[in-house]
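J.: To start, I am sharing the structure in question, which I have written as structure tokens.
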Amino acid sequence: MALGDAVRLELEADGAATITLDQPDRRNALSEEISTGISEALDEIEGSDARVVVLQGSGGSFSAGGDIERMTEAIDDDVPADDRVRRLERSTNELMTRLIDFPIPTIALVDGAAVGAGANLAIACDVQLASTDAAFGFVFRQVGLSVDAGTSYLLPRIVGENVAKELVLTGDIFGADRAKELGLVNHVYDADEFDERADEFVEKIVSGPPIALRHANRLVGEGLEKSLDQALTDEAVAQGIVFETDDHEEG
């Protein structure tokens, strides 16, 4: 299913929903078309029987971050800063919030470049799988910009404040092994077997109890923002719901 000219959605019978960023000539930069396409795909998925969401890029890139073409046009057309901020809030910010809070588990398959906002798109997912051809970088400084797309929220929670500052201050680009050392990805697979190994991982999630995994995924994601008492209470409420499912009885 094509969502505009920038994003494709495949809803598989086994419960996997795959969103593919499909502007390879622009290295799947996070354009308004791609942001809108991902949001529309998530709308379709939320109303389906999908058990897991897979997010990937086409043409050898995951996502090259901000839309440089649009940035250049804004400079040439002297677009006011306030208008550019509103555009950012309307597209990228809304997408990142939606993705981080999405109720179905999400998996980023990073094969190629994931830089700038594209790196944030990957780490906003619940799990990250990378090929040995992947490259990461929080490269906002390279275009003379501060950070956006949730960098200041996501990155220090994963790598710690001091490492997060290093990554954004230097703008270094690094490979999949370094990303795994930092905790930015869960697994690194050889490029030649990436598709096969990623499919195996996705199947492991798809084959699990969907209601229980949705609640578990949500609770872990919320845990850093709660007190122990609140976490325990919310876990008990979730278990009360899951106790009533066929999956629990079967398990």
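Each chain in the structure tokens gets a letter, A, B and so on, in the order shown; residues start at 1 in every chain, and ligands are counted from 1 in the order they appear.
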Could you give me the residues within region 76-208 of chain A that DSSP places in alpha helix (DSSP H), as an NGL selection string?
T.: :A and (76 or 81-88 or 94-100 or 117-123 or 151-159 or 161-170 or 176-182 or 194-206)
J.: Could you name the residues that touch Ala164 (chain A) at 10 Å or less, counting only C-alpha atoms, but leaving out those on the same chain fewer than 2 positions away, as an NGL selection string?
T.: :A and (138 or 151-152 or 154-162 or 166-169 or 182)
J.: For the residues in that selection, give me N, CA and C atoms as a tab-separated table (two decimals), in the first residue's frame.
T.:
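File produced: again27.tsv:
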chain	number	residue	atom	x	y	z
A	138	PHE	N	24.53	12.28	15.09
A	138	PHE	CA	23.63	13.38	15.47
A	138	PHE	C	24.30	14.65	14.95
A	151	THR	N	16.05	14.82	20.17
A	151	THR	CA	17.41	14.46	20.58
A	151	THR	C	17.64	14.67	22.07
A	152	SER	N	17.25	15.82	22.58
A	152	SER	CA	17.55	16.16	23.99
A	152	SER	C	16.75	15.31	24.96
A	154	LEU	N	15.55	11.87	24.00
A	154	LEU	CA	15.87	10.46	23.78
A	154	LEU	C	17.33	10.13	24.08
A	155	LEU	N	18.24	10.92	23.55
A	155	LEU	CA	19.65	10.53	23.57
A	155	LEU	C	20.23	10.40	24.98
A	156	PRO	N	20.07	11.40	25.87
A	156	PRO	CA	20.64	11.22	27.22
A	156	PRO	C	20.01	10.09	28.01
A	157	ARG	N	18.76	9.75	27.71
A	157	ARG	CA	18.13	8.62	28.41
A	157	ARG	C	18.77	7.29	28.02
A	158	ILE	N	19.37	7.24	26.84
A	158	ILE	CA	19.98	6.00	26.37
A	158	ILE	C	21.47	5.95	26.69
A	159	VAL	N	22.19	7.03	26.41
A	159	VAL	CA	23.66	6.98	26.52
A	159	VAL	C	24.20	7.76	27.71
A	160	GLY	N	23.34	8.50	28.41
A	160	GLY	CA	23.81	9.36	29.50
A	160	GLY	C	24.08	10.76	28.99
A	161	GLU	N	24.04	11.72	29.91
A	161	GLU	CA	24.15	13.13	29.52
A	161	GLU	C	25.49	13.47	28.90
A	162	ASN	N	26.59	13.01	29.50
A	162	ASN	CA	27.90	13.41	28.99
A	162	ASN	C	28.18	12.85	27.61
A	166	GLU	N	28.65	14.83	23.95
A	166	GLU	CA	29.77	14.58	23.04
A	166	GLU	C	29.27	14.32	21.62
A	167	LEU	N	28.25	13.49	21.50
A	167	LEU	CA	27.75	13.11	20.18
A	167	LEU	C	27.19	14.30	19.42
A	168	VAL	N	26.50	15.21	20.12
A	168	VAL	CA	25.91	16.36	19.42
A	168	VAL	C	26.94	17.48	19.23
A	169	LEU	N	27.91	17.61	20.14
A	169	LEU	CA	28.90	18.67	20.00
A	169	LEU	C	29.92	18.37	18.91
A	182	LEU	N	27.13	1.84	22.73
A	182	LEU	CA	26.47	2.96	23.40
A	182	LEU	C	25.04	2.62	23.82
J.: Quick one: residues within 6 Å of region 188-202 of chain A, only C-alpha atoms, excluding same-chain residues fewer than 6 positions away - as a PDB file with C-alpha atoms, in the first residue's frame?
T.:
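Once everything was written out, this is part.pdb:
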ATOM      1  CA  ALA A 130      21.374  -2.647  12.599  1.00  0.00           C
ATOM      2  CA  SER A 131      23.393  -4.133   9.765  1.00  0.00           C
ATOM      3  CA  THR A 132      27.159  -3.794   9.599  1.00  0.00           C
TER       4      THR A 132
END
J.: I'd like to know which of A:Leu11, A:Met1, A:Glu46, A:Ala64 is closest to Asp25 (chain A), using only C-alpha atoms.
T.: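 Of A:Leu11, A:Met1, A:Glu46, A:Ala64, the one nearest Asp25 (chain A), counting only C-alpha atoms, is A:Ala64.
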J.: Using only C-alpha atoms, can you tell me which of A:Ala108, A:Ala114, A:Arg27, A:Thr245 comes closest to Gly175 (chain A)?
T.: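 Comparing A:Ala108, A:Ala114, A:Arg27, A:Thr245 against Gly175 (chain A), the winner is A:Ala114.
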J.: At a cut-off of 9 Å, using only C-alpha atoms, what residues contact Leu213 (chain A)? Leave out same-chain residues fewer than 6 positions from it and give the result as a count of residues only.
T.: 3
J.: Leaving out Phe140 (chain A) and any residue of its chain fewer than 4 positions from it, which residues lie within 8 Å of it when counting only C-alpha atoms, given as a PDB file with all heavy atoms, in the first residue's frame?
T.:
ATOM      1  N   GLY A 116      21.166  12.571  12.079  1.00  0.00           N
ATOM      2  CA  GLY A 116      20.321  13.698  12.429  1.00  0.00           C
ATOM      3  C   GLY A 116      18.958  13.217  12.908  1.00  0.00           C
ATOM      4  O   GLY A 116      18.848  12.314  13.739  1.00  0.00           O
ATOM      5  N   GLY A 144      24.720  23.741  10.789  1.00  0.00           N
ATOM      6  CA  GLY A 144      24.631  24.951  11.594  1.00  0.00           C
ATOM      7  C   GLY A 144      23.375  25.058  12.425  1.00  0.00           C
ATOM      8  O   GLY A 144      22.881  26.163  12.677  1.00  0.00           O
ATOM      9  N   LEU A 145      22.855  23.905  12.874  1.00  0.00           N
ATOM     10  CA  LEU A 145      21.627  23.915  13.656  1.00  0.00           C
ATOM     11  C   LEU A 145      21.833  23.294  15.019  1.00  0.00           C
ATOM     12  O   LEU A 145      22.765  22.514  15.240  1.00  0.00           O
ATOM     13  CB  LEU A 145      20.522  23.143  12.915  1.00  0.00           C
ATOM     14  CG  LEU A 145      19.992  23.772  11.622  1.00  0.00           C
ATOM     15  CD1 LEU A 145      18.976  22.852  10.972  1.00  0.00           C
ATOM     16  CD2 LEU A 145      19.375  25.144  11.897  1.00  0.00           C
ATOM     17  N   SER A 146      20.943  23.625  15.943  1.00  0.00           N
ATOM     18  CA  SER A 146      20.871  22.958  17.227  1.00  0.00           C
ATOM     19  C   SER A 146      20.183  21.605  17.013  1.00  0.00           C
ATOM     20  O   SER A 146      19.958  21.187  15.886  1.00  0.00           O
ATOM     21  CB  SER A 146      20.080  23.818  18.218  1.00  0.00           C
ATOM     22  OG  SER A 146      20.018  23.202  19.479  1.00  0.00           O
ATOM     23  N   VAL A 147      19.866  20.917  18.084  1.00  0.00           N
ATOM     24  CA  VAL A 147      19.228  19.602  17.951  1.00  0.00           C
ATOM     25  C   VAL A 147      17.707  19.750  17.877  1.00  0.00           C
ATOM     26  O   VAL A 147      17.134  20.731  18.353  1.00  0.00           O
ATOM     27  CB  VAL A 147      19.598  18.685  19.131  1.00  0.00           C
ATOM     28  CG1 VAL A 147      21.086  18.426  19.148  1.00  0.00           C
ATOM     29  CG2 VAL A 147      19.137  19.274  20.467  1.00  0.00           C
ATOM     30  N   VAL A 168      26.498  15.213  20.124  1.00  0.00           N
ATOM     31  CA  VAL A 168      25.914  16.362  19.418  1.00  0.00           C
ATOM     32  C   VAL A 168      26.935  17.484  19.232  1.00  0.00           C
ATOM     33  O   VAL A 168      26.866  18.229  18.246  1.00  0.00           O
ATOM     34  CB  VAL A 168      24.648  16.887  20.124  1.00  0.00           C
ATOM     35  CG1 VAL A 168      23.593  15.803  20.192  1.00  0.00           C
ATOM     36  CG2 VAL A 168      24.938  17.436  21.500  1.00  0.00           C
ATOM     37  N   GLY A 171      29.296  15.923  16.414  1.00  0.00           N
ATOM     38  CA  GLY A 171      28.617  15.529  15.186  1.00  0.00           C
ATOM     39  C   GLY A 171      29.262  14.333  14.511  1.00  0.00           C
ATOM     40  O   GLY A 171      29.055  14.097  13.316  1.00  0.00           O
TER      41      GLY A 171
END
J.: So that each row is one residue of region 158-230 of chain A with an atom at most 9 Å from region 15-22 of chain A, can you give its shortest atom pair and the distance in Å to one decimal, using only C-alpha atoms, rows by chain and rising number, as a Markdown table?
T.:
| residue | atom | partner | partner_atom | distance |
| --- | --- | --- | --- | --- |
| A:Val202 | CA | A:Ala16 | CA | 7.6 |
| A:Glu203 | CA | A:Ala16 | CA | 8.1 |
| A:Val206 | CA | A:Gly15 | CA | 6.2 |
| A:Ser207 | CA | A:Gly15 | CA | 8.7 |
J.: Now that the selection is made, can you save its residues with all heavy atoms as a PDB file, in the first residue's frame?
T.:
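Wrote result.pdb, looks like this:
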ATOM      1  N   VAL A 202      11.879 -10.354  14.298  1.00  0.00           N
ATOM      2  CA  VAL A 202      10.500  -9.859  14.207  1.00  0.00           C
ATOM      3  C   VAL A 202       9.521 -10.992  14.491  1.00  0.00           C
ATOM      4  O   VAL A 202       8.529 -10.803  15.211  1.00  0.00           O
ATOM      5  CB  VAL A 202      10.238  -9.235  12.823  1.00  0.00           C
ATOM      6  CG1 VAL A 202       8.752  -8.925  12.643  1.00  0.00           C
ATOM      7  CG2 VAL A 202      11.067  -7.964  12.643  1.00  0.00           C
ATOM      8  N   GLU A 203       9.784 -12.178  13.967  1.00  0.00           N
ATOM      9  CA  GLU A 203       8.902 -13.313  14.179  1.00  0.00           C
ATOM     10  C   GLU A 203       8.822 -13.672  15.653  1.00  0.00           C
ATOM     11  O   GLU A 203       7.776 -14.076  16.159  1.00  0.00           O
ATOM     12  CB  GLU A 203       9.400 -14.520  13.368  1.00  0.00           C
ATOM     13  CG  GLU A 203       8.636 -15.816  13.612  1.00  0.00           C
ATOM     14  CD  GLU A 203       7.142 -15.706  13.352  1.00  0.00           C
ATOM     15  OE1 GLU A 203       6.734 -14.890  12.499  1.00  0.00           O
ATOM     16  OE2 GLU A 203       6.372 -16.430  14.017  1.00  0.00           O
ATOM     17  N   VAL A 206       6.318 -11.231  17.001  1.00  0.00           N
ATOM     18  CA  VAL A 206       4.993 -11.487  16.436  1.00  0.00           C
ATOM     19  C   VAL A 206       4.347 -12.705  17.081  1.00  0.00           C
ATOM     20  O   VAL A 206       3.125 -12.739  17.306  1.00  0.00           O
ATOM     21  CB  VAL A 206       5.091 -11.677  14.904  1.00  0.00           C
ATOM     22  CG1 VAL A 206       3.798 -12.257  14.339  1.00  0.00           C
ATOM     23  CG2 VAL A 206       5.389 -10.353  14.222  1.00  0.00           C
ATOM     24  N   SER A 207       5.148 -13.712  17.402  1.00  0.00           N
ATOM     25  CA  SER A 207       4.599 -14.964  17.928  1.00  0.00           C
ATOM     26  C   SER A 207       4.244 -14.891  19.408  1.00  0.00           C
ATOM     27  O   SER A 207       3.683 -15.838  19.956  1.00  0.00           O
ATOM     28  CB  SER A 207       5.599 -16.103  17.711  1.00  0.00           C
ATOM     29  OG  SER A 207       6.797 -15.867  18.446  1.00  0.00           O
TER      30      SER A 207
END
J.: For the strand (DSSP E or B) assignment from backbone DSSP, which residues of region 34-250 of chain A qualify? Please present them as JSON, numbers by chain.
T.: {"A": [52, 53, 54, 55, 56, 57, 61, 62, 63, 106, 107, 108, 109, 110, 113, 114, 115, 127, 128, 129, 130, 131, 135, 136, 137, 173, 174, 175, 187, 188, 189]}
J.: Just give me the gap between CA of Ala113 (chain A) and CA of Ser61 (chain A) in Å, one decimal is fine.
T.: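 Separation between CA of Ala113 (chain A) and CA of Ser61 (chain A): 4.9 Å.
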